[in-house]
Amino acid sequence: MGELTQITKTQQTDQSLVFAVNGESFELFEVDPSTTLLEFLRSQTSFKSVKLGCGEGGCGACVVLLSKYDPVLDRVEDFTVSSCLTLLCSVNGCSITTAEGVGNSKDGFHPIQERFSGFHASQCGYCTPGMCVSLYSALVNAEKTNRPEPRPGFSKLTVSEAEKSIAGNLCRCTGYRPIADACKTFAADVDMEDLGCNSFWKKGESNEVKLSRLPAYNHNSRTCMFPEFLKKETKAAFNLASKGCHWYSPVSLEQLQSLLQLDDENDGTSTKIVVGNTGMGYYKELAHHKKYIDLRYIPELSIIKKDQTGIEIGAAVTISKAIEALKEKYEGGYTKEGKLVFKKLADHMERIATGFVRNSASIGGNLIMAQKKQFPSDIATILLSVDTMVDILTGQRHENITLEEFLGRPPLDSKSVLLGVKIPCWRSSRDISSKTDTKLLYETYRAAPRPIGNALPYLNAAFLAEVSLCKSSAGLVLNNCHLAFGAYGTNHSIRARKVEEFLSAKLLDVCVLYKAVKLLESIIIPEDGTSSPAYRSSLAVSFLFEFLSPLIDNLADISIFQHDGYNSGLLFNGSKINQNFDQFDQIKSSTLLSSAKQVIQLTEEFHPVGKPIIKAGATLQASGEAVYVDDIPSPRNCLHGAFIYSTEPLARVNSIKLKPLSSLDGLTAVISFKDIPGENIGAQTIFGPEPLYADELTQCAGQRIALVVADTQKNADMAANLAVIDYDKKNLEPILSVEEAFERCSFFEVPPFLYPEQVGDFSKGIAEADHQILSAEVKLGSQYYFYMETQTALAVPDEDNCMVVYSSSQCPEFAHDTIAKCLGVPAHNVRVITRRVGGGFGGKAIKAMPVSTACALAAYKLCRPVRMYVNRKTDMIMAGGRHPMKITYSVGFKTNGKITALKLDILIDAGMSVDISPIMPHNMLGSLKKYDWGALAFDIKVCKTNCPSRSAMRAPGEVQASFIAEAVIEHVASTLALEVDSVRSINLHKYESLELFFKTTAGEPLEYTLPSIWDKLSMSSSFYHRTETLKEFNRCNKWKKKGISLVPIVHEVMLRATPGKVSILCDGSIVVEVGGIELGQGLWTKVKQMTAYALSLIQCGGTEELLEKVRVIQADSLSLIQGGFTAGSTTSESSCAAVRLCCDILVDRLTALKERLVEQKGSITWETLILQAYQNSVNLSTNSLYVPDFSSMTYLNYGAAVSEAKINLLTGQTTILQTDIIYDCGLSLNPAVDLGQIEGAFVQGIGFFMLEEYPTNSNGLVVADGTWTYKIPTLDTTPKKFNVEILNSGHHKDRILSSKGNFWRATIDSSSFCSLCYKSSYKRSQETTSFMG
């Protein structure tokens, strides 16, 4: 204790926390050590660009640039970090730069922000500030390199670096292509021809003109410099005490041991060891710690030491620093083999997590998590393979042991400290007696949902082998090897010792390899409960095969072991081995997106409608100044809410109790159904309500039971996590599958007017068939919305028993009515306001209502403002998502592939409440009828289960139906051994069959543009030529296959009534309100364009500049009623129609005045006309309700997509090589906006079919509840070539300026590749089954 007291004394001189944010100084004397940088920035500063997307470091929405000054080297180090994980106390002496600091509306936007806007790279905008900061960091660090001076207007960044700078940032809207293009504009080696649609230049202009029109960038300038005052504040360490909690920064091992000794006396339960705090993203903390110990100031833990024996890395060294050390040249010189090993280790580490996590996460922390908590570590596996040693200090005792021994020990106790690791420098040996050289081979492997990181592996491996030429016969001898495996569902990484011993000194041949594979199969066995156990085991075998097969002579003669390209004699020093071990390097250096092409057709007919203008508010989104609901400053005395939800699917709730912990100090109230003054209603549709809270009986796991209200969001979340619910499940049997629902006749009723009609006579059609497939089954799972902004609301009590609610909602009108019913007040006592939504995709429609209603109820009950930002885990558990379903089909068809009859039995899992589920049969049939099935019969049942209620998600039912249609086509083609695309072609509609299936919705023959789209896409994508080319590729390659598919899209569109209001102010500026909500889909932008066009018809001076005078304002449910839903891809269209009606009225009112003034003055400007109108009391404000005519209410939309993919049959890794899409947009209101929506929808479909798994446990409770377990597409999973053409067909004069809604249905286009990938997956299962015996 005496020594500890001395430590505290010597460090008490530094008791304040000093740092800067965007150049602004902050000095804090009291800080809760558990406070994150994100919490501080959002609650204590005006900088709201940092967004809470996940709280796990997995999305990039909260990324900031952290700058540190090194007084010894007199230089500033700049790197990105996740502010949601970074503890505030750890930024002492640092400068923080947010998106506002990069550039803003007051001081001027940075070229990054302007180029993001100009390349249409921001839609909902919630992720955009983090993207901009990530790119800014890459630019700053590129300028520090010794690379040649770039061309004027460019940086020292390369295209590959520009793309990878944002590879860890998630975006759910854009599809990434425009973001990558905006980033690449800064790269010195960019080909301007590869850059896509933007607002800066026109097609065909020279590179010089293009560059001149880009917002200027000077690579020598930097907008946010390291503050000089911070250089004087540099401290060796920092210690702080606050409300019984302490932050310590020991500067020696002795001080650290004293702190740990004291902690040991308290059982070690109250201390947290800190370096980067990134482990909190994976292991969520449910309680506060009393003591935090920062290890970064202890020299022994931060050391990087190199000598000829290897590299020593301290435990507190970050992964990024370790990568740099492994890549840097050593003046003393390493062996060739040592360099190879170090480079491979560094390359592998670059695929771990993301840059902004690697910048904080430490090598030691990663290994400790692997040793103590069974974290599936890549670092442990790759270091294990190279005989890494670890240094441990326990008291005064040093231990230097192998990493293998360290991992196998019991968890390290609190008194022991991992000091660092030593990675040896490898070298090849030489057999003196035979004078034979040996060659050292090393490779690492990783199979994960995403190629370059930000995803835990299914399995990782690293192999090191020493081989030499056999003296007695041709071939290679494997002298010895190290085979390390990890992350496959085991406690820690292991060495496959039995396989190593078996292979040692063996002459490599097919028989030896086969025996090694069989032996490995018996070793790599995932533990019970591990997902995809068979796949993980097969990966281990596949990786070993990939490593050893190139070393075996004449392997091509053995059919089950044939490997790509290795079919000639083995030359020890030849190109074959080098080719094998250089492949990964080639992948690493390649760009993520090779090229993209966008084709749009512009028209001047309705200027500025039809122009690809920048999305309204895009630059503000890029700077972080755009205000979302959670950015609204908290009113005084504001409280925060968090839901308590059920973990049982069907149970009586006896009681709710909260564990008595000190963290509940901020608790204010727990609100349940007993506190509701009106109806227990949390959401509603035309089909029925959903309760706000469960009453005595909970209906599903994830159902809301109560709301915890506390003084902060953190305290509310922690209190909700500490809730203990007493359930009674006696005599209650939940329904957790559609099969159980079918058996127990548990269905929701579908109104007759929504249930589609059968087409043709199925019995007759099946009788005409030459072949039949009977009772084939398809199952489709769910998908989570993963909007970047989770559900959020703020409710503020107002005078006279009124309530104002700010909601992130797609349908404020329905939320308004729901809140009024729940509170038991007249509707005019409630006002719901929505400015913008940070991503919706259907999830902010019905599912947003309970959040708004819960906040309003709590505010009403407590007479204080209440807000809630639902954490990602709770949001995922409660969201419901896309409808899972089971499909059974029978189909009859001719020998030529023409289908004569199709029958479908579909069971849809709707969950516990009706929501919008009764529309699913109608939606599904709209997409199913894309082909001429001859006769189409179906029985679709909407099942009521004890699962969270499912809701609309981007093209609800249509995505699934399109997949079903393609599955049937694929099945028929496979049965007949025909080319699938010939079966597709023969079953495409003629206009006559289109009329039969769709009746009046089919429109006129000229409107049926699918045949021309089909032919055009076949030609523009070189579909038939590529088909022949990939056949040749598949013949030549056994373990890699390519597939290509051309898929049509036909779907029904329905317009809805939508209100609008236009007011012209006295200075000529225009304010517009519409029922539609800006979700990122560019609705405001199109409305602005329509307003400018429609008012320009007054034809007076200055009307050509009206676009800049128009502002669209937030939706207010009392200001503009009957707003309805923003959904279905048609609200932009309808809102524009409503605005045009208003403008027509205003033009009519102004026409007589304008004519009089023209007679008097000869000409007149817009401003003069409006001023005169005010003076003459002309009513310059009007509203309207657009109600579509029956003739234009429903219509068909068409498109087609070609996708080519490649799959590695050994590992299952799939790459989408190219996608080509043509969409009929009629006359696009804004082709740039529509392009972004089409691309984004397609990529979201990639997620559904290829990446995103939304599993539940046996109770139906979602277990994929964060970014660690749920993987949406990232930049590295999108098509390498992505070409989109918007077709202006012009046959739509009855619609809004001939436009057509389309972009949400582009999700359906993703079925163009999913079917071929499933075929390849089937091929993989066949090949690997034979391969593994």
# chains A, B, ... in the order shown; residues from 1 in each chain; ligands from 1
>>> residues_around(residues="stretch 281-292 of chain A", least_positions_apart="3", cutoff="6 Å", atoms="only C-alpha atoms", output="list in words")
Glu56, Cys245, His246, Trp247, Ser270, Thr271, Lys272, Ile273 and Thr278 of chain A
>>> write_last_selection(atoms="all heavy atoms", output="short mmCIF file (atom, residue, chain, number, x, y, z; two decimals), in the first residue's frame")
data_model
loop_
_atom_site.label_atom_id
_atom_site.label_comp_id
_atom_site.auth_asym_id
_atom_site.auth_seq_id
_atom_site.Cartn_x
_atom_site.Cartn_y
_atom_site.Cartn_z
N GLU A 56 -19.83 -0.99 -31.57
CA GLU A 56 -18.93 -2.14 -31.57
C GLU A 56 -17.67 -1.91 -32.39
O GLU A 56 -16.83 -2.80 -32.51
CB GLU A 56 -19.65 -3.37 -32.13
CG GLU A 56 -20.88 -3.77 -31.36
CD GLU A 56 -21.63 -4.92 -32.01
OE1 GLU A 56 -21.61 -5.02 -33.26
OE2 GLU A 56 -22.24 -5.70 -31.27
N CYS A 245 -14.36 6.47 -8.89
CA CYS A 245 -13.69 5.73 -9.94
C CYS A 245 -12.33 6.38 -10.23
O CYS A 245 -12.17 7.59 -10.08
CB CYS A 245 -14.52 5.69 -11.21
SG CYS A 245 -16.09 4.83 -11.02
N HIS A 246 -11.37 5.56 -10.62
CA HIS A 246 -10.02 6.07 -10.86
C HIS A 246 -9.51 5.64 -12.23
O HIS A 246 -9.77 4.52 -12.68
CB HIS A 246 -9.05 5.55 -9.79
CG HIS A 246 -9.33 6.09 -8.42
ND1 HIS A 246 -10.32 5.55 -7.61
CD2 HIS A 246 -8.78 7.11 -7.71
CE1 HIS A 246 -10.35 6.21 -6.46
NE2 HIS A 246 -9.42 7.16 -6.49
N TRP A 247 -8.77 6.54 -12.84
CA TRP A 247 -8.04 6.23 -14.07
C TRP A 247 -6.56 6.38 -13.76
O TRP A 247 -6.10 7.42 -13.32
CB TRP A 247 -8.45 7.20 -15.18
CG TRP A 247 -7.70 6.98 -16.47
CD1 TRP A 247 -6.46 7.43 -16.79
CD2 TRP A 247 -8.16 6.27 -17.62
NE1 TRP A 247 -6.11 7.03 -18.06
CE2 TRP A 247 -7.14 6.31 -18.59
CE3 TRP A 247 -9.35 5.57 -17.91
CZ2 TRP A 247 -7.27 5.71 -19.85
CZ3 TRP A 247 -9.48 4.97 -19.16
CH2 TRP A 247 -8.45 5.03 -20.11
N SER A 270 -13.04 -5.35 -10.00
CA SER A 270 -13.42 -3.95 -10.24
C SER A 270 -12.44 -3.20 -11.14
O SER A 270 -12.54 -2.00 -11.30
CB SER A 270 -13.51 -3.22 -8.89
OG SER A 270 -12.24 -3.23 -8.25
N THR A 271 -11.46 -3.92 -11.72
CA THR A 271 -10.42 -3.27 -12.52
C THR A 271 -10.54 -3.62 -13.98
O THR A 271 -10.84 -4.76 -14.35
CB THR A 271 -9.03 -3.67 -12.00
OG1 THR A 271 -8.88 -3.19 -10.68
CG2 THR A 271 -7.93 -3.09 -12.88
N LYS A 272 -10.31 -2.62 -14.82
CA LYS A 272 -10.29 -2.83 -16.27
C LYS A 272 -8.92 -2.40 -16.79
O LYS A 272 -8.48 -1.28 -16.56
CB LYS A 272 -11.39 -2.02 -16.95
CG LYS A 272 -11.43 -2.20 -18.46
CD LYS A 272 -12.59 -1.40 -19.06
CE LYS A 272 -12.62 -1.49 -20.57
NZ LYS A 272 -12.94 -2.85 -21.05
N ILE A 273 -8.25 -3.30 -17.50
CA ILE A 273 -6.97 -2.99 -18.14
C ILE A 273 -7.27 -2.42 -19.52
O ILE A 273 -8.05 -2.99 -20.28
CB ILE A 273 -6.10 -4.25 -18.26
CG1 ILE A 273 -5.88 -4.88 -16.88
CG2 ILE A 273 -4.77 -3.91 -18.92
CD1 ILE A 273 -5.11 -4.02 -15.92
N THR A 278 -10.84 -1.82 -27.49
CA THR A 278 -11.60 -2.38 -28.60
C THR A 278 -12.30 -3.68 -28.22
O THR A 278 -13.28 -4.07 -28.86
CB THR A 278 -10.68 -2.64 -29.80
OG1 THR A 278 -9.57 -3.44 -29.39
CG2 THR A 278 -10.16 -1.32 -30.36
#
>>> closest_residue(among="A:Phe406, A:Phe893, A:Tyr330, A:Tyr445", to="A:Lys344", atoms="only C-alpha atoms")
A:Tyr445
>>> atom_distance(atom1="atom CA of A:Gly1075", atom2="atom CA of A:Ile916")
19.9 Å
>>> residues_around(residues="A:Val390", least_positions_apart="5", cutoff="12 Å", atoms="only C-alpha atoms", output="NGL selection string")
:A and (311-315 or 363-364 or 367-368 or 380 or 383-384 or 398-407 or 417-424)
